[in-house]
Amino acid sequence: MFAELKTLLVQNLKLDERMVLPESLLEDAGIDSLALVELGLLVEQHLGVAFSEEELAGTASLTVGQFSDLLAARRQGLQEVTP
């Protein structure tokens, strides 16, 4: 799932590939509040995982790796995001 997320971040949001590491905070990788909304749309379109605005806001403090793990869990229907 990390590879798919990284591809979305680099190709669609034009983030620096060197900054998109599992241990990087989303903010440090270049995800601001607007990019977080865009990421939510991309994730829904490309990976089939939907987040509400409130759920996305709750992910702002995650690392890229944690967000990737959350996507994998959501894809399997195992976990919901709580802000």
# chains A, B, ... in the order shown; residues from 1 in each chain; ligands from 1
>>> select_by_dssp(residues="chain A", states="alpha helix (DSSP H)", output="PyMOL selection string")
chain A and resi 2-7+26-29+33-47+53-58+64-75
>>> write_last_selection(atoms="C-alpha atoms", output="PDB file, in the first residue's frame")
ATOM      1  CA  PHE A   2       2.901   2.382   0.704  1.00  0.00           C
ATOM      2  CA  ALA A   3       4.104   2.153  -2.903  1.00  0.00           C
ATOM      3  CA  GLU A   4       0.630   3.007  -4.214  1.00  0.00           C
ATOM      4  CA  LEU A   5       0.323   5.939  -1.819  1.00  0.00           C
ATOM      5  CA  LYS A   6       3.784   7.209  -2.705  1.00  0.00           C
ATOM      6  CA  THR A   7       2.921   7.091  -6.405  1.00  0.00           C
ATOM      7  CA  LEU A  26       2.443  14.033   6.149  1.00  0.00           C
ATOM      8  CA  GLU A  27       3.116  17.727   6.758  1.00  0.00           C
ATOM      9  CA  ASP A  28       6.880  17.278   6.371  1.00  0.00           C
ATOM     10  CA  ALA A  29       6.307  15.411   3.103  1.00  0.00           C
ATOM     11  CA  SER A  33      -4.643  21.180   4.578  1.00  0.00           C
ATOM     12  CA  LEU A  34      -5.535  21.739   0.911  1.00  0.00           C
ATOM     13  CA  ALA A  35      -3.323  18.875  -0.249  1.00  0.00           C
ATOM     14  CA  LEU A  36      -4.933  16.658   2.392  1.00  0.00           C
ATOM     15  CA  VAL A  37      -8.339  17.254   0.805  1.00  0.00           C
ATOM     16  CA  GLU A  38      -6.871  16.515  -2.640  1.00  0.00           C
ATOM     17  CA  LEU A  39      -5.267  13.367  -1.251  1.00  0.00           C
ATOM     18  CA  GLY A  40      -8.631  12.258   0.104  1.00  0.00           C
ATOM     19  CA  LEU A  41     -10.153  12.581  -3.358  1.00  0.00           C
ATOM     20  CA  LEU A  42      -7.245  10.775  -5.007  1.00  0.00           C
ATOM     21  CA  VAL A  43      -7.360   7.930  -2.504  1.00  0.00           C
ATOM     22  CA  GLU A  44     -11.074   7.493  -3.117  1.00  0.00           C
ATOM     23  CA  GLN A  45     -10.694   7.574  -6.917  1.00  0.00           C
ATOM     24  CA  HIS A  46      -7.617   5.381  -7.221  1.00  0.00           C
ATOM     25  CA  LEU A  47      -7.733   3.103  -4.189  1.00  0.00           C
ATOM     26  CA  GLU A  53     -13.491  15.725   5.934  1.00  0.00           C
ATOM     27  CA  GLU A  54     -13.462  15.098   9.684  1.00  0.00           C
ATOM     28  CA  GLU A  55     -11.642  11.806   9.225  1.00  0.00           C
ATOM     29  CA  LEU A  56      -9.061  13.448   6.977  1.00  0.00           C
ATOM     30  CA  ALA A  57      -8.489  16.174   9.546  1.00  0.00           C
ATOM     31  CA  GLY A  58      -7.769  13.425  12.063  1.00  0.00           C
ATOM     32  CA  VAL A  64       3.150   8.638   5.605  1.00  0.00           C
ATOM     33  CA  GLY A  65       3.649   5.063   6.811  1.00  0.00           C
ATOM     34  CA  GLN A  66       0.836   5.337   9.364  1.00  0.00           C
ATOM     35  CA  PHE A  67      -1.483   6.783   6.714  1.00  0.00           C
ATOM     36  CA  SER A  68      -0.513   3.927   4.404  1.00  0.00           C
ATOM     37  CA  ASP A  69      -1.303   1.389   7.145  1.00  0.00           C
ATOM     38  CA  LEU A  70      -4.623   3.121   7.760  1.00  0.00           C
ATOM     39  CA  LEU A  71      -5.452   2.922   4.054  1.00  0.00           C
ATOM     40  CA  ALA A  72      -4.676  -0.783   4.028  1.00  0.00           C
ATOM     41  CA  ALA A  73      -6.871  -1.354   7.078  1.00  0.00           C
ATOM     42  CA  ARG A  74      -9.711   0.761   5.663  1.00  0.00           C
ATOM     43  CA  ARG A  75      -9.463  -1.075   2.372  1.00  0.00           C
TER      44      ARG A  75
END
>>> atom_distance(atom1="atom CA of A:Val49", atom2="atom CA of A:Ser61")
19.0 Å
>>> atom_distance(atom1="atom CA of A:Leu9", atom2="atom CA of A:Gly30")
9.1 Å
>>> atom_distance(atom1="atom CA of A:Gln76", atom2="atom CA of A:Leu8")
19.5 Å
>>> closest_residue(among="A:Ser24, A:Val10, A:Asp16, A:Gly77", to="A:Ala50", atoms="only C-alpha atoms")
A:Gly77
